[in-house]
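> Please see the structure below; I have some questions.
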Amino acid sequence: MALKKTNKLPQPAALKQILKRCSSFGKKHGYDQGSLPPDDVPKGHFAVYVGENRSRYIVPISWLAYPEFQSLLQRAEEEYGFNHDMGLTIPCEEVVFRSLTAMIKA
């Protein structure tokens, strides 16, 4: 039985890549270290886009520690990879995402 070769990054490396992608997206849109981020993204948070309509949600960075949220990020990596200009897009329905965020908040 042959081992299946995967191109997935180890989990810590994937999270670093996601954070790097978020920061490069900000620089690309004029939010580099010399200027302020958008007013609706508080320090310690980042934006994700969810669902068919790509609704924007602001989530705390601390959610990166939750296995449920990490699972969504892995799905995003599998579906979109890191080389796209759509922002951090989560491939799930909004109702599922809101349900998950409610569980994390509780």
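Residues in the structure tokens are numbered from 1 in each chain, the chains being A, B, ... in the order shown, and ligands are numbered from 1 in the order shown.
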Neighbouring residues of A:Gly51 were defined as those with any atom within 12 Å, considering only C-alpha atoms; residues of the same chain fewer than 3 positions away were excluded. Please report them as JSON, numbers by chain.
{"A": [48, 54, 55, 56, 57, 76, 88, 89, 90, 91, 92, 93, 94, 95, 96, 97, 98]}
> Could the residues in this selection be written to a file with N, CA, C and O atoms, as a compact mmCIF listing (two decimals), in the first residue's frame?

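Saved result, again.txt, follows:
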```
# COMPACT_ATOMS: atom_id res chain seq x y z
N VAL A 48 -13.38 37.67 7.64
CA VAL A 48 -13.56 36.50 6.79
C VAL A 48 -14.82 36.70 5.97
O VAL A 48 -15.71 37.48 6.37
N ARG A 54 -20.84 35.90 0.10
CA ARG A 54 -19.58 36.38 0.68
C ARG A 54 -19.83 37.46 1.74
O ARG A 54 -19.23 38.53 1.71
N SER A 55 -20.70 37.17 2.67
CA SER A 55 -20.95 38.09 3.78
C SER A 55 -19.70 38.22 4.63
O SER A 55 -19.01 37.23 4.89
N ARG A 56 -19.42 39.42 5.07
CA ARG A 56 -18.19 39.70 5.81
C ARG A 56 -18.45 39.60 7.31
O ARG A 56 -19.40 40.17 7.83
N TYR A 57 -17.58 38.87 8.00
CA TYR A 57 -17.64 38.73 9.45
C TYR A 57 -16.29 39.11 10.03
O TYR A 57 -15.24 38.81 9.45
N ALA A 76 -11.06 25.92 3.65
CA ALA A 76 -10.79 27.08 2.79
C ALA A 76 -9.51 26.86 2.00
O ALA A 76 -9.45 27.16 0.80
N LEU A 88 -9.98 36.20 2.86
CA LEU A 88 -10.08 34.91 3.53
C LEU A 88 -11.52 34.44 3.46
O LEU A 88 -12.38 34.90 4.19
N THR A 89 -11.78 33.52 2.53
CA THR A 89 -13.14 33.06 2.25
C THR A 89 -13.35 31.68 2.87
O THR A 89 -12.57 30.76 2.64
N ILE A 90 -14.42 31.54 3.65
CA ILE A 90 -14.76 30.29 4.31
C ILE A 90 -15.84 29.60 3.48
O ILE A 90 -16.92 30.15 3.29
N PRO A 91 -15.57 28.38 2.99
CA PRO A 91 -16.53 27.69 2.13
C PRO A 91 -17.59 26.92 2.93
O PRO A 91 -17.53 25.71 3.05
N CYS A 92 -18.53 27.63 3.49
CA CYS A 92 -19.65 26.98 4.16
C CYS A 92 -20.84 27.94 4.12
O CYS A 92 -20.69 29.12 3.85
N GLU A 93 -22.00 27.41 4.41
CA GLU A 93 -23.20 28.25 4.43
C GLU A 93 -23.15 29.17 5.65
O GLU A 93 -22.61 28.82 6.69
N GLU A 94 -23.75 30.33 5.49
CA GLU A 94 -23.74 31.31 6.58
C GLU A 94 -24.40 30.78 7.85
O GLU A 94 -23.92 31.03 8.94
N VAL A 95 -25.48 30.04 7.70
CA VAL A 95 -26.19 29.52 8.87
C VAL A 95 -25.28 28.57 9.66
O VAL A 95 -25.28 28.57 10.89
N VAL A 96 -24.48 27.78 8.96
CA VAL A 96 -23.54 26.88 9.62
C VAL A 96 -22.46 27.69 10.32
O VAL A 96 -22.09 27.40 11.47
N PHE A 97 -21.95 28.72 9.64
CA PHE A 97 -20.91 29.56 10.24
C PHE A 97 -21.43 30.27 11.49
O PHE A 97 -20.75 30.30 12.51
N ARG A 98 -22.64 30.81 11.42
CA ARG A 98 -23.21 31.49 12.59
C ARG A 98 -23.42 30.52 13.74
O ARG A 98 -23.23 30.86 14.90
```
> I need the residues of stretch 32-100 of chain A that end up classed as strand (DSSP E) by DSSP on the backbone, written out as a PDB file with C-alpha atoms, in the first residue's frame.

```
ATOM      1  CA  HIS A  45      -9.470  40.655  14.858  1.00  0.00           C
ATOM      2  CA  PHE A  46      -9.614  39.834  11.152  1.00  0.00           C
ATOM      3  CA  ALA A  47     -12.270  39.654   8.453  1.00  0.00           C
ATOM      4  CA  VAL A  48     -13.556  36.495   6.792  1.00  0.00           C
ATOM      5  CA  TYR A  49     -16.046  36.116   3.966  1.00  0.00           C
ATOM      6  CA  VAL A  50     -18.706  33.402   4.236  1.00  0.00           C
ATOM      7  CA  SER A  55     -20.954  38.092   3.779  1.00  0.00           C
ATOM      8  CA  ARG A  56     -18.194  39.701   5.812  1.00  0.00           C
ATOM      9  CA  TYR A  57     -17.638  38.731   9.452  1.00  0.00           C
ATOM     10  CA  ILE A  58     -15.107  40.155  11.880  1.00  0.00           C
ATOM     11  CA  VAL A  59     -13.680  37.443  14.140  1.00  0.00           C
ATOM     12  CA  PRO A  60     -11.139  37.537  16.970  1.00  0.00           C
ATOM     13  CA  THR A  89     -13.136  33.058   2.250  1.00  0.00           C
ATOM     14  CA  ILE A  90     -14.762  30.291   4.311  1.00  0.00           C
TER      15      ILE A  90
END
```
> Could you work out how far atom CA of A:Trp63 lies from atom CA of A:Lys43, giving the answer in Å with one decimal?
13.9 Å
> Enter the distance from atom CA of A:Phe82 to atom CA of A:Gln70, in Å, rounded to one decimal.
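Between atom CA of A:Phe82 and atom CA of A:Gln70 the gap is 15.0 Å.
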> To one decimal in Å, tell me the separation between atom CA of A:Gly87 and atom CA of A:Asn53.
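Going from atom CA of A:Gly87 over to atom CA of A:Asn53, I get 13.4 Å.
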> Name the closest residue to A:Ala102 among the candidates A:Glu68, A:Leu73, A:Gly44, A:His84; distances are taken between atoms, counting only C-alpha atoms.
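Ranking A:Glu68, A:Leu73, A:Gly44, A:His84 by distance to A:Ala102, first place goes to A:Glu68.
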